[in-house]
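Printed here is upload.txt (compact mmCIF, C-alpha atoms):
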# COMPACT_ATOMS: atom_id res chain seq x y z
CA MET A 1349 22.83 -3.73 12.13
CA ARG A 1350 19.04 -4.10 12.29
CA VAL A 1351 19.03 -7.63 10.96
CA PRO A 1352 19.69 -9.60 14.16
CA LEU A 1353 16.95 -7.76 16.06
CA GLU A 1354 14.52 -8.13 13.13
CA LYS A 1355 15.30 -11.85 13.06
CA LYS A 1356 14.70 -12.16 16.78
CA VAL A 1357 11.32 -10.42 16.43
CA LEU A 1358 10.37 -12.72 13.55
CA ASN A 1359 11.49 -15.85 15.41
CA GLU A 1360 9.37 -14.81 18.37
CA ASN A 1361 6.44 -14.19 16.00
CA ASP A 1362 6.87 -17.61 14.39
CA ARG A 1363 6.82 -19.26 17.80
CA LEU A 1364 3.60 -17.47 18.75
CA ALA A 1365 2.05 -18.17 15.34
CA ALA A 1366 2.79 -21.88 15.72
CA SER A 1367 1.03 -21.86 19.07
CA LEU A 1368 -1.96 -20.02 17.56
CA ARG A 1369 -2.06 -22.49 14.66
CA GLU A 1370 -2.14 -25.39 17.12
CA ARG A 1371 -5.04 -23.78 19.02
CA PHE A 1372 -6.96 -23.03 15.81
CA SER A 1373 -6.43 -26.59 14.64
CA ARG A 1374 -7.50 -28.12 17.95
CA HIS A 1375 -10.76 -26.17 17.92
CA GLY A 1376 -11.45 -26.59 14.21
CA VAL A 1377 -11.16 -22.92 13.31
CA PHE A 1378 -10.35 -22.24 9.63
CA VAL A 1379 -8.37 -18.99 9.44
CA VAL A 1380 -7.89 -16.74 6.40
CA ASN A 1381 -5.37 -13.87 6.43
CA LEU A 1382 -6.36 -11.15 3.93
CA ILE A 1383 -3.56 -8.97 2.57
CA SER A 1384 -3.61 -6.14 0.03
CA ALA A 1385 -2.61 -2.55 -0.68
CA PRO A 1386 -4.79 0.13 0.92
CA GLY A 1387 -8.11 0.44 -0.90
CA SER A 1388 -8.05 -2.85 -2.82
CA GLY A 1389 -11.35 -3.85 -1.23
CA LYS A 1390 -10.65 -6.22 1.68
CA THR A 1391 -13.44 -4.78 3.81
CA SER A 1392 -15.90 -4.67 0.90
CA LEU A 1393 -15.19 -8.30 0.09
CA LEU A 1394 -15.81 -9.25 3.72
CA GLU A 1395 -19.05 -7.23 3.75
CA ARG A 1396 -20.29 -9.04 0.65
CA THR A 1397 -19.30 -12.34 2.24
CA LEU A 1398 -20.95 -11.75 5.61
CA GLU A 1399 -24.23 -10.53 4.11
CA THR A 1400 -24.82 -13.95 2.56
CA PHE A 1401 -24.06 -15.92 5.72
CA GLU A 1402 -26.83 -17.36 7.91
CA LYS A 1403 -26.97 -15.57 11.25
CA SER A 1404 -26.15 -18.88 12.91
CA ARG A 1405 -22.89 -19.13 11.00
CA ARG A 1406 -19.96 -19.42 13.41
CA VAL A 1407 -17.74 -16.77 11.83
CA ALA A 1408 -15.60 -14.12 13.53
CA LEU A 1409 -13.38 -11.28 12.34
CA LEU A 1410 -10.32 -9.36 13.43
CA THR A 1411 -9.44 -6.29 11.42
CA GLY A 1412 -6.15 -4.43 11.69
CA ASP A 1413 -5.53 -0.75 11.15
CA ILE A 1414 -2.99 1.82 12.17
CA GLN A 1415 -5.76 4.24 13.05
CA THR A 1416 -9.59 4.34 13.13
CA ASP A 1417 -12.07 1.53 13.74
CA ASN A 1418 -13.93 2.24 10.46
CA ASP A 1419 -13.51 -1.31 9.18
CA ALA A 1420 -14.62 -2.98 12.40
CA ARG A 1421 -17.71 -0.77 12.46
CA ARG A 1422 -18.51 -1.62 8.84
CA LEU A 1423 -18.15 -5.33 9.55
CA ALA A 1424 -19.81 -5.45 12.99
CA ARG A 1425 -23.14 -4.43 11.36
CA PHE A 1426 -23.60 -8.01 10.25
CA GLY A 1427 -23.85 -9.25 13.84
CA PHE A 1428 -20.86 -11.59 13.92
CA PRO A 1429 -18.11 -11.21 16.57
CA THR A 1430 -15.77 -8.52 15.24
CA ARG A 1431 -12.82 -6.79 16.84
CA GLN A 1432 -10.56 -3.99 15.70
CA ILE A 1433 -6.83 -4.34 16.26
CA SER A 1434 -5.07 -0.97 16.44
CA THR A 1435 -1.49 -1.64 15.48
CA GLY A 1436 -0.15 1.55 17.05
CA GLY A 1437 1.72 2.61 13.95
CA ALA A 1438 2.88 -0.85 12.84
CA CYS A 1439 2.29 -1.57 9.15
CA HIS A 1440 1.13 -5.18 9.75
CA LEU A 1441 -0.62 -7.48 12.19
CA ASP A 1442 1.55 -9.85 14.20
CA ALA A 1443 0.77 -13.06 16.07
CA ARG A 1444 0.88 -11.34 19.49
CA MET A 1445 -1.78 -8.82 18.41
CA VAL A 1446 -4.00 -11.64 17.17
CA GLU A 1447 -3.50 -13.66 20.35
CA ARG A 1448 -4.48 -10.68 22.50
CA ALA A 1449 -7.50 -9.80 20.37
CA LEU A 1450 -8.81 -13.36 20.72
CA GLU A 1451 -8.92 -13.12 24.53
CA GLY A 1452 -12.37 -13.89 25.86
CA TRP A 1453 -13.55 -15.60 22.67
CA GLU A 1454 -14.33 -19.33 22.80
CA LEU A 1455 -12.44 -20.74 19.83
CA ALA A 1456 -14.54 -23.88 20.03
CA GLU A 1457 -17.51 -21.75 18.98
CA ILE A 1458 -15.83 -20.39 15.84
CA ASP A 1459 -15.53 -22.28 12.54
CA LEU A 1460 -14.20 -19.51 10.36
CA LEU A 1461 -12.00 -16.58 11.33
CA PHE A 1462 -11.04 -13.75 8.97
CA LEU A 1463 -7.94 -11.70 9.75
CA GLU A 1464 -8.05 -8.48 7.73
CA ASN A 1465 -4.49 -7.22 7.71
CA VAL A 1466 -3.30 -3.58 7.54
CA GLY A 1467 -3.43 -2.21 3.99
CA ASN A 1468 0.14 -2.85 2.85
CA LEU A 1469 1.78 -5.02 0.18
CA VAL A 1470 5.12 -5.30 1.99
CA CYS A 1471 5.09 -5.52 5.78
CA PRO A 1472 2.41 -8.18 6.50
CA THR A 1473 4.27 -10.77 4.41
CA SER A 1474 6.84 -11.80 7.02
CA TYR A 1475 4.34 -12.13 9.87
CA ASP A 1476 2.73 -15.54 10.17
CA LEU A 1477 -0.54 -15.20 12.09
CA GLY A 1478 -1.17 -18.93 12.41
CA GLU A 1479 -3.56 -18.79 9.47
CA ASP A 1480 -4.52 -21.75 7.28
CA ALA A 1481 -4.60 -19.71 4.10
CA ARG A 1482 -3.41 -16.39 2.87
CA ALA A 1483 -5.45 -14.46 0.30
CA VAL A 1484 -3.98 -11.45 -1.50
CA LEU A 1485 -6.30 -8.96 -3.16
CA LEU A 1486 -5.25 -6.95 -6.18
CA SER A 1487 -7.71 -4.58 -7.75
CA VAL A 1488 -7.64 -4.08 -11.50
CA THR A 1489 -7.03 -0.35 -11.04
CA GLU A 1490 -3.59 -1.03 -9.54
CA GLY A 1491 -1.72 -2.39 -12.55
CA GLU A 1492 -0.80 -5.92 -13.57
CA ASP A 1493 2.88 -5.54 -12.57
CA LYS A 1494 2.24 -5.67 -8.82
CA PRO A 1495 3.09 -9.40 -8.36
CA LEU A 1496 6.54 -8.69 -9.85
CA LYS A 1497 7.07 -5.55 -7.79
CA TYR A 1498 5.97 -7.15 -4.50
CA PRO A 1499 7.02 -10.75 -5.15
CA ALA A 1500 7.31 -11.94 -1.55
CA THR A 1501 3.70 -11.07 -0.82
CA PHE A 1502 2.38 -12.96 -3.84
CA HIS A 1503 4.84 -15.81 -3.39
CA HIS A 1504 3.46 -16.55 0.08
CA ALA A 1505 -0.20 -16.35 -0.97
CA ASP A 1506 -2.52 -19.31 -1.56
CA LEU A 1507 -5.12 -17.27 -3.38
CA LEU A 1508 -5.09 -14.16 -5.54
CA VAL A 1509 -8.40 -12.31 -5.66
CA LEU A 1510 -8.47 -10.01 -8.69
CA ASN A 1511 -10.98 -7.46 -7.44
CA LYS A 1512 -13.05 -4.64 -9.00
CA ILE A 1513 -13.39 -6.44 -12.34
CA ASP A 1514 -16.44 -4.25 -13.04
CA LEU A 1515 -13.90 -1.48 -13.75
CA LEU A 1516 -12.06 -3.47 -16.45
CA PRO A 1517 -13.72 -1.57 -19.32
CA TYR A 1518 -12.36 1.71 -17.96
CA VAL A 1519 -8.75 0.83 -17.11
CA PRO A 1520 -5.84 -0.48 -19.24
CA PHE A 1521 -5.45 -3.59 -17.01
CA GLN A 1522 -4.54 -6.80 -18.90
CA ILE A 1523 -5.98 -9.51 -16.70
CA GLU A 1524 -4.14 -12.37 -18.43
CA LEU A 1525 -0.83 -10.59 -17.85
CA ALA A 1526 -1.70 -10.15 -14.17
CA ARG A 1527 -2.40 -13.89 -13.91
CA GLU A 1528 0.90 -14.69 -15.65
CA ASN A 1529 2.84 -12.36 -13.37
CA ALA A 1530 1.28 -13.91 -10.27
CA ARG A 1531 2.13 -17.41 -11.52
CA ARG A 1532 5.72 -16.35 -12.23
CA VAL A 1533 6.26 -15.67 -8.52
CA GLN A 1534 3.90 -18.40 -7.24
CA PRO A 1535 3.12 -21.13 -9.79
CA GLY A 1536 0.63 -22.84 -7.49
CA ILE A 1537 -1.46 -19.78 -6.69
CA GLU A 1538 -5.22 -20.05 -7.16
CA ILE A 1539 -6.79 -17.05 -8.86
CA ILE A 1540 -10.36 -15.83 -8.82
CA GLU A 1541 -11.92 -12.72 -10.35
CA VAL A 1542 -14.40 -10.76 -8.30
CA SER A 1543 -16.50 -7.63 -8.32
CA CYS A 1544 -17.97 -6.57 -5.01
CA THR A 1545 -20.10 -4.05 -6.92
CA SER A 1546 -21.73 -6.39 -9.44
CA GLY A 1547 -21.38 -9.50 -7.29
CA LYS A 1548 -19.62 -11.38 -10.08
CA GLY A 1549 -17.22 -14.04 -8.82
CA LEU A 1550 -18.40 -13.88 -5.21
CA ASP A 1551 -19.64 -17.46 -5.53
CA ASP A 1552 -16.12 -18.52 -6.52
CA TRP A 1553 -14.71 -16.77 -3.48
CA ARG A 1554 -17.24 -18.36 -1.11
CA GLY A 1555 -16.66 -21.71 -2.84
CA TRP A 1556 -12.94 -21.35 -2.28
CA ILE A 1557 -13.49 -20.72 1.44
CA GLU A 1558 -15.84 -23.68 1.87
CA ALA A 1559 -13.64 -26.10 -0.09
CA HIS A 1560 -10.50 -25.19 1.82
CA ARG A 1561 -12.31 -25.16 5.14
CA ALA A 1562 -13.73 -28.62 4.46
CA ALA A 1563 -10.33 -29.95 3.34
CA ARG A 1564 -8.72 -28.53 6.45
CA THR A 1565 -11.37 -29.91 8.81
CA ALA A 1566 -11.08 -33.35 7.19
CA LEU A 1567 -7.39 -33.59 8.14
CA MET B 1405 12.60 -3.02 22.67
CA ARG B 1406 12.82 -2.00 19.01
CA VAL B 1407 12.18 1.65 19.70
CA PRO B 1408 15.71 2.83 20.61
CA LEU B 1409 17.23 1.23 17.52
CA GLU B 1410 14.45 2.59 15.31
CA LYS B 1411 15.10 6.02 16.78
CA LYS B 1412 18.81 5.73 16.10
CA VAL B 1413 18.15 4.77 12.47
CA LEU B 1414 15.76 7.72 12.09
CA ASN B 1415 18.18 10.19 13.69
CA GLU B 1416 20.88 9.03 11.31
CA ASN B 1417 18.44 9.43 8.42
CA ASP B 1418 17.50 12.95 9.55
CA ARG B 1419 21.18 13.91 9.67
CA LEU B 1420 21.76 12.63 6.14
CA ALA B 1421 18.54 14.24 4.88
CA ALA B 1422 19.63 17.61 6.28
CA SER B 1423 22.91 17.29 4.43
CA LEU B 1424 21.07 16.38 1.20
CA ARG B 1425 18.70 19.33 1.67
CA GLU B 1426 21.66 21.67 2.06
CA ARG B 1427 23.20 20.31 -1.17
CA PHE B 1428 19.92 20.55 -3.08
CA SER B 1429 19.46 24.11 -1.87
CA ARG B 1430 23.01 25.16 -2.74
CA HIS B 1431 22.59 23.90 -6.30
CA GLY B 1432 19.04 25.16 -6.77
CA VAL B 1433 17.45 21.71 -7.14
CA PHE B 1434 13.71 21.60 -6.34
CA VAL B 1435 12.90 18.13 -4.99
CA VAL B 1436 9.50 16.44 -4.82
CA ASN B 1437 8.97 13.19 -2.88
CA LEU B 1438 5.99 11.23 -4.28
CA ILE B 1439 4.24 8.84 -1.91
CA SER B 1440 1.20 6.59 -2.38
CA ALA B 1441 -0.17 3.07 -2.05
CA PRO B 1442 0.89 0.61 -4.76
CA GLY B 1443 -0.96 1.29 -7.99
CA SER B 1444 -2.22 4.81 -7.26
CA GLY B 1445 -0.47 6.10 -10.36
CA LYS B 1446 2.83 7.72 -9.34
CA THR B 1447 4.66 6.46 -12.42
CA SER B 1448 1.80 7.37 -14.76
CA LEU B 1449 1.67 10.88 -13.34
CA LEU B 1450 5.43 11.25 -13.90
CA GLU B 1451 5.07 9.91 -17.46
CA ARG B 1452 2.37 12.46 -18.23
CA THR B 1453 4.56 15.17 -16.69
CA LEU B 1454 7.76 14.28 -18.56
CA GLU B 1455 6.06 14.01 -21.94
CA THR B 1456 5.19 17.71 -21.83
CA PHE B 1457 8.67 18.87 -20.84
CA GLU B 1458 11.10 20.38 -23.35
CA LYS B 1459 14.05 18.05 -23.97
CA SER B 1460 16.31 20.78 -22.60
CA ARG B 1461 14.47 20.75 -19.28
CA ARG B 1462 16.89 20.00 -16.43
CA VAL B 1463 14.83 17.33 -14.69
CA ALA B 1464 15.99 14.05 -13.15
CA LEU B 1465 14.27 11.11 -11.46
CA LEU B 1466 14.98 8.46 -8.84
CA THR B 1467 12.42 5.72 -8.49
CA GLY B 1468 12.33 3.25 -5.61
CA ASP B 1469 11.09 -0.30 -5.70
CA ILE B 1470 11.61 -3.47 -3.71
CA GLN B 1471 12.00 -5.44 -6.91
CA THR B 1472 12.08 -4.82 -10.71
CA ASP B 1473 13.21 -1.75 -12.63
CA ASN B 1474 9.86 -1.45 -14.46
CA ASP B 1475 9.28 2.12 -13.35
CA ALA B 1476 12.77 3.35 -14.23
CA ARG B 1477 12.40 1.80 -17.69
CA ARG B 1478 9.01 3.45 -18.18
CA LEU B 1479 10.42 6.82 -17.15
CA ALA B 1480 13.82 6.62 -18.89
CA ARG B 1481 12.02 6.56 -22.28
CA PHE B 1482 11.61 10.33 -22.02
CA GLY B 1483 15.36 10.90 -22.17
CA PHE B 1484 15.90 12.55 -18.80
CA PRO B 1485 18.42 11.17 -16.26
CA THR B 1486 16.60 8.36 -14.43
CA ARG B 1487 17.84 5.83 -11.91
CA GLN B 1488 16.18 2.91 -10.16
CA ILE B 1489 16.80 2.43 -6.47
CA SER B 1490 16.33 -1.18 -5.38
CA THR B 1491 15.53 -1.03 -1.70
CA GLY B 1492 16.46 -4.66 -1.05
CA GLY B 1493 13.22 -5.47 0.72
CA ALA B 1494 12.78 -2.15 2.54
CA CYS B 1495 9.31 -0.63 2.22
CA HIS B 1496 10.56 2.93 1.73
CA LEU B 1497 13.40 5.03 0.36
CA ASP B 1498 15.83 6.54 2.85
CA ALA B 1499 18.28 9.42 2.63
CA ARG B 1500 21.29 7.11 2.29
CA MET B 1501 19.78 5.39 -0.76
CA VAL B 1502 19.09 8.77 -2.37
CA GLU B 1503 22.60 10.02 -1.60
CA ARG B 1504 24.13 6.91 -3.21
CA ALA B 1505 21.89 7.06 -6.26
CA LEU B 1506 22.91 10.67 -6.89
CA GLU B 1507 26.60 9.76 -7.17
CA GLY B 1508 28.05 10.91 -10.47
CA TRP B 1509 25.25 13.38 -11.18
CA GLU B 1510 26.08 17.09 -11.26
CA LEU B 1511 23.43 18.64 -9.04
CA ALA B 1512 24.23 22.03 -10.51
CA GLU B 1513 22.80 20.75 -13.79
CA ILE B 1514 19.46 19.70 -12.28
CA ASP B 1515 16.58 22.09 -11.52
CA LEU B 1516 13.90 19.57 -10.65
CA LEU B 1517 14.29 16.14 -9.07
CA PHE B 1518 11.43 13.68 -8.58
CA LEU B 1519 11.81 10.96 -5.94
CA GLU B 1520 9.22 8.26 -6.57
CA ASN B 1521 8.94 6.35 -3.32
CA VAL B 1522 8.09 2.66 -2.83
CA GLY B 1523 4.33 2.03 -3.08
CA ASN B 1524 3.36 2.19 0.58
CA LEU B 1525 1.14 4.44 2.70
CA VAL B 1526 2.97 3.75 5.95
CA CYS B 1527 6.72 3.26 5.82
CA PRO B 1528 7.95 6.19 3.68
CA THR B 1529 6.39 8.73 6.06
CA SER B 1530 9.14 8.75 8.69
CA TYR B 1531 12.01 9.00 6.19
CA ASP B 1532 12.97 12.54 5.24
CA LEU B 1533 14.79 12.49 1.90
CA GLY B 1534 15.82 16.14 1.95
CA GLU B 1535 12.89 17.00 -0.31
CA ASP B 1536 11.32 20.45 -0.62
CA ALA B 1537 7.81 19.11 -0.96
CA ARG B 1538 5.96 15.91 -0.37
CA ALA B 1539 3.06 14.91 -2.63
CA VAL B 1540 0.72 12.07 -1.69
CA LEU B 1541 -1.39 10.44 -4.38
CA LEU B 1542 -4.74 8.85 -3.61
CA SER B 1543 -6.74 7.33 -6.42
CA VAL B 1544 -10.52 7.54 -6.30
CA THR B 1545 -10.78 3.75 -6.42
CA GLU B 1546 -9.17 3.46 -2.98
CA GLY B 1547 -11.87 4.97 -0.78
CA GLU B 1548 -12.20 8.38 0.82
CA ASP B 1549 -11.28 7.14 4.32
CA LYS B 1550 -7.57 6.70 3.59
CA PRO B 1551 -6.40 10.02 5.10
CA LEU B 1552 -8.00 8.97 8.41
CA LYS B 1553 -6.57 5.45 8.27
CA TYR B 1554 -3.04 6.57 7.37
CA PRO B 1555 -3.00 9.97 9.10
CA ALA B 1556 0.77 10.39 9.49
CA THR B 1557 1.31 10.11 5.74
CA PHE B 1558 -1.29 12.74 4.91
CA HIS B 1559 -0.30 14.94 7.86
CA HIS B 1560 3.24 15.27 6.51
CA ALA B 1561 2.17 15.98 2.92
CA ASP B 1562 2.17 19.37 1.23
CA LEU B 1563 -0.02 18.25 -1.65
CA LEU B 1564 -2.74 15.66 -2.13
CA VAL B 1565 -3.20 14.52 -5.72
CA LEU B 1566 -6.61 12.88 -6.11
CA ASN B 1567 -5.87 10.68 -9.10
CA LYS B 1568 -7.94 8.65 -11.60
CA ILE B 1569 -10.87 11.07 -11.47
CA ASP B 1570 -11.98 9.69 -14.86
CA LEU B 1571 -13.20 6.66 -12.85
CA LEU B 1572 -15.47 8.74 -10.58
CA PRO B 1573 -18.66 7.77 -12.48
CA TYR B 1574 -17.96 4.08 -11.79
CA VAL B 1575 -16.96 4.09 -8.12
CA PRO B 1576 -18.78 5.18 -4.95
CA PHE B 1577 -16.02 7.68 -4.05
CA GLN B 1578 -17.24 10.95 -2.48
CA ILE B 1579 -14.58 13.43 -3.48
CA GLU B 1580 -15.74 16.16 -1.08
CA LEU B 1581 -15.49 13.70 1.82
CA ALA B 1582 -11.96 12.75 0.75
CA ARG B 1583 -11.01 16.44 0.75
CA GLU B 1584 -12.57 16.91 4.20
CA ASN B 1585 -10.77 13.87 5.59
CA ALA B 1586 -7.42 15.08 4.24
CA ARG B 1587 -7.98 18.52 5.79
CA ARG B 1588 -8.87 16.94 9.13
CA VAL B 1589 -5.37 15.51 9.41
CA GLN B 1590 -3.60 18.34 7.55
CA PRO B 1591 -5.58 21.60 7.40
CA GLY B 1592 -2.98 23.30 5.18
CA ILE B 1593 -2.79 20.58 2.54
CA GLU B 1594 -3.20 21.66 -1.09
CA ILE B 1595 -5.44 19.38 -3.13
CA ILE B 1596 -5.64 18.89 -6.88
CA GLU B 1597 -7.73 16.47 -8.92
CA VAL B 1598 -6.08 14.68 -11.81
CA SER B 1599 -6.71 12.05 -14.45
CA CYS B 1600 -3.64 10.69 -16.21
CA THR B 1601 -6.00 9.03 -18.71
CA SER B 1602 -8.03 12.08 -19.79
CA GLY B 1603 -5.33 14.60 -18.91
CA LYS B 1604 -7.72 16.61 -16.74
CA GLY B 1605 -5.97 18.47 -13.93
CA LEU B 1606 -2.46 17.87 -15.26
CA ASP B 1607 -2.09 21.63 -15.80
CA ASP B 1608 -2.86 22.16 -12.11
CA TRP B 1609 -0.20 19.63 -11.16
CA ARG B 1610 2.42 21.19 -13.43
CA GLY B 1611 1.36 24.62 -12.17
CA TRP B 1612 1.85 23.47 -8.60
CA ILE B 1613 5.37 22.26 -9.40
CA GLU B 1614 6.36 25.48 -11.17
CA ALA B 1615 4.89 27.75 -8.50
CA HIS B 1616 6.60 25.93 -5.65
CA ARG B 1617 9.86 25.62 -7.54
CA ALA B 1618 9.84 29.35 -8.28
CA ALA B 1619 8.98 30.22 -4.67
CA ARG B 1620 11.76 27.96 -3.43
CA THR B 1621 14.34 29.33 -5.86
CA ALA B 1622 13.41 32.90 -4.91
CA LEU B 1623 14.39 32.27 -1.28

Please go through the file and, once you have read it, give me the structure as structure tokens.
Amino acid sequence: MRVPLEKKVLNENDRLAASLRERFSRHGVFVVNLISAPGSGKTSLLERTLETFEKSRRVALLTGDIQTDNDARRLARFGFPTRQISTGGACHLDARMVERALEGWELAEIDLLFLENVGNLVCPTSYDLGEDARAVLLSVTEGEDKPLKYPATFHHADLLVLNKIDLLPYVPFQIELARENARRVQPGIEIIEVSCTSGKGLDDWRGWIEAHRAARTAL
Amino acid sequence: MRVPLEKKVLNENDRLAASLRERFSRHGVFVVNLISAPGSGKTSLLERTLETFEKSRRVALLTGDIQTDNDARRLARFGFPTRQISTGGACHLDARMVERALEGWELAEIDLLFLENVGNLVCPTSYDLGEDARAVLLSVTEGEDKPLKYPATFHHADLLVLNKIDLLPYVPFQIELARENARRVQPGIEIIEVSCTSGKGLDDWRGWIEAHRAARTAL
């Protein structure tokens, strides 16, 4: 009974996302959609990324939450254009929310746009935001079975960031098994290991952004 | 546009949940609905609970997942009636799924029923399952702001289980702030601190179950 309406909503979202993607492409904006469970460290990863950027770097951020503007406040400290999207109860961002939040920004002045999705391993999956790449974060405290339990989310990801690896000595997480599980649902997924506390792996993450941004811009 | 249909689905769920609640009450089944983000430790907490129960204990479990029966297999090892509910993509259990999964079980032979919800801090909130009590788990690796970012989930909870406290020395989690934040959205919430690794606090959790079950049965 709900399916036809759901489909209509998704078709409408896909149409809007395609239009966003065309605009991003035309203005040379590389867009990363970050998805994870609540508390996997999306905001921390962005903080550690922004703190290393030159102030002249043309980066902008949209961060989605059901409630509070905590994340936007944490990220705005770095001086780059940052806006909070309040989803009004929805468990994901959608293309319409992104389109509205971009109003007043000159896309031609942005090279890199981060979309921090609502903390959720289910709902954001079906909503294309016009992004170039989708990065899923999984922290090592969450268990290595998550790619199998939330396969759609990992299947549609370009990158898996295994976060909080500084906690590996204290948790029973088998990192090789997590990699295997992710590859079972998405054989082509890239995987990097990161700790926002120790800083380990952050170079890999920044390298991934730059490489994919360059490849995208070269098209 | 989606609101009226959503409302209809929720009304139908409330009707079914009321009927389940009446059945549970009639047969003296105490029902706990466990909600958390993916990887907060719902299944581990249940494992540590079941391992201490006498084999004659009249406990049963339903565990919800989008995909895989990992959790049901982990829990069935303890010999108590356990069933997996595959939600077919839905990010939460609903009363209809619970009703169907109970088919063939004699409620009169069950004193305690655990409903392990899908790992999600948003969707399960609106779906009453006819439970007596709702327990939300938050692990200390997830950040103390989660009650403010997912207020509806914490507002509708009777108990907050702060899990993985063995990791407190390694994460910047301020446990007093987490307690404050939870009380801001739900002043009456009970809070216990648990580690499924060290076993600390598990007595408090089992004590909470027994006390509430006894109080409920005495009605």

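One distance worth recording is that between atom CA of B:Asn1474 and atom CA of B:Val1436, which is 20.3 Å.
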
| message | If I take atom CA of A:Gly1452 and atom CA of A:Leu1410, how far is one from the other in Å, to one decimal? | response |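 It comes out at 13.4 Å.
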
| request: Name the residues, using the chain letters and numbers of the file, that sit within 10 Å of (-7.1, -0.6, -3.4) when counting all atoms listed in the file, and give them as a list in words. | output: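 Answer for this query, in the requested form: Ser1384, Ala1385, Pro1386, Gly1387, Ser1388, Gly1389, Lys1390, Gly1467, Asn1468, Leu1485, Leu1486, Ser1487, Val1488, Thr1489, Glu1490, Asn1511 and Lys1512 of chain A; Ala1441, Pro1442, Gly1443, Ser1444, Leu1542, Ser1543, Val1544, Thr1545, Glu1546 and Gly1547 of chain B.
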
Next, the residues of the selection above should be written as a PDB file, in the frame of the given file with C-alpha atoms.
ATOM      1  CA  SER A1384      -3.610  -6.140   0.030  1.00  0.00           C
ATOM      2  CA  ALA A1385      -2.610  -2.550  -0.680  1.00  0.00           C
ATOM      3  CA  PRO A1386      -4.790   0.130   0.920  1.00  0.00           C
ATOM      4  CA  GLY A1387      -8.110   0.440  -0.900  1.00  0.00           C
ATOM      5  CA  SER A1388      -8.050  -2.850  -2.820  1.00  0.00           C
ATOM      6  CA  GLY A1389     -11.350  -3.850  -1.230  1.00  0.00           C
ATOM      7  CA  LYS A1390     -10.650  -6.220   1.680  1.00  0.00           C
ATOM      8  CA  GLY A1467      -3.430  -2.210   3.990  1.00  0.00           C
ATOM      9  CA  ASN A1468       0.140  -2.850   2.850  1.00  0.00           C
ATOM     10  CA  LEU A1485      -6.300  -8.960  -3.160  1.00  0.00           C
ATOM     11  CA  LEU A1486      -5.250  -6.950  -6.180  1.00  0.00           C
ATOM     12  CA  SER A1487      -7.710  -4.580  -7.750  1.00  0.00           C
ATOM     13  CA  VAL A1488      -7.640  -4.080 -11.500  1.00  0.00           C
ATOM     14  CA  THR A1489      -7.030  -0.350 -11.040  1.00  0.00           C
ATOM     15  CA  GLU A1490      -3.590  -1.030  -9.540  1.00  0.00           C
ATOM     16  CA  ASN A1511     -10.980  -7.460  -7.440  1.00  0.00           C
ATOM     17  CA  LYS A1512     -13.050  -4.640  -9.000  1.00  0.00           C
TER      18      LYS A1512
ATOM     19  CA  ALA B1441      -0.170   3.070  -2.050  1.00  0.00           C
ATOM     20  CA  PRO B1442       0.890   0.610  -4.760  1.00  0.00           C
ATOM     21  CA  GLY B1443      -0.960   1.290  -7.990  1.00  0.00           C
ATOM     22  CA  SER B1444      -2.220   4.810  -7.260  1.00  0.00           C
ATOM     23  CA  LEU B1542      -4.740   8.850  -3.610  1.00  0.00           C
ATOM     24  CA  SER B1543      -6.740   7.330  -6.420  1.00  0.00           C
ATOM     25  CA  VAL B1544     -10.520   7.540  -6.300  1.00  0.00           C
ATOM     26  CA  THR B1545     -10.780   3.750  -6.420  1.00  0.00           C
ATOM     27  CA  GLU B1546      -9.170   3.460  -2.980  1.00  0.00           C
ATOM     28  CA  GLY B1547     -11.870   4.970  -0.780  1.00  0.00           C
TER      29      GLY B1547
END

| said: Nearest residue to B:Ile1489 out of B:Leu1519, B:Val1463, B:Cys1600, B:Leu1511, using all atoms listed in the file? | reply: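 Looking only at the distances to B:Ile1489, the closest residue turns out to be B:Leu1519.
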
| Given only C-alpha atoms as the counted atoms, nearest of B:Val1598, B:Leu1606, B:Ile1514, B:Leu1449 to B:Leu1571 |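 Of all the options, B:Val1598 lies closest to B:Leu1571.
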
| Suppose you want the space between atom CA of B:Asp1469 and atom CA of B:Asn1521; what is it in Å? |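 Here the two named atoms are 7.4 Å from each other.
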
| message | Considering all atoms listed in the file, can you say which of B:Pro1528, B:Gly1534, B:Pro1551, B:Pro1573 comes closest to B:Pro1591? | response | B:Pro1551

| Looking at all atoms listed in the file, which of B:Leu1420, B:Leu1438, B:Val1526, B:Leu1533 is the one that sits closest to chain A? | B:Val1526

| message | Using all atoms listed in the file for the distances, tell me which of B:Thr1621, B:Thr1486, B:Gln1471, B:Ser1602 is nearest to chain A. | response |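 Counting all atoms listed in the file, the residue closest to chain A is B:Gln1471.
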
With 4 Å of padding per side, what axis-aligned box (centre and edge lengths, Å, one decimal) covers all the listed atoms of stretch 1584-1602 of chain B? Give it as JSON.
{"center_x": -7.7, "center_y": 16.2, "center_z": -5.2, "size_x": 17.8, "size_y": 22.3, "size_z": 37.2}

| request: Skip A:Thr1411 itself and residues of its chain fewer than 2 positions away, then list as a PyMOL selection string all residues within 9 Å of it, counting all atoms listed in the file. | output: chain A and resi 1391+1409+1413+1417+1419-1420+1423+1430-1434+1441+1462-1466

| request: For each of A:Ala1481, A:Val1509, A:Leu1516, A:Leu1398, take the minimum atom-to-atom distance to chain B, counting only C-alpha atoms, then give the residue where this is smallest. | output: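 Checking each of A:Ala1481, A:Val1509, A:Leu1516, A:Leu1398 against chain B, counting only C-alpha atoms, the winner is A:Leu1516.
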
| request: Extract, using only C-alpha atoms, all DNA, RNA and protein residues at most 6 Å from A:Ala1408, discarding same-chain residues fewer than 4 positions from it, and format them as a ChimeraX atom specification. | output: /A:1428-1430,1461
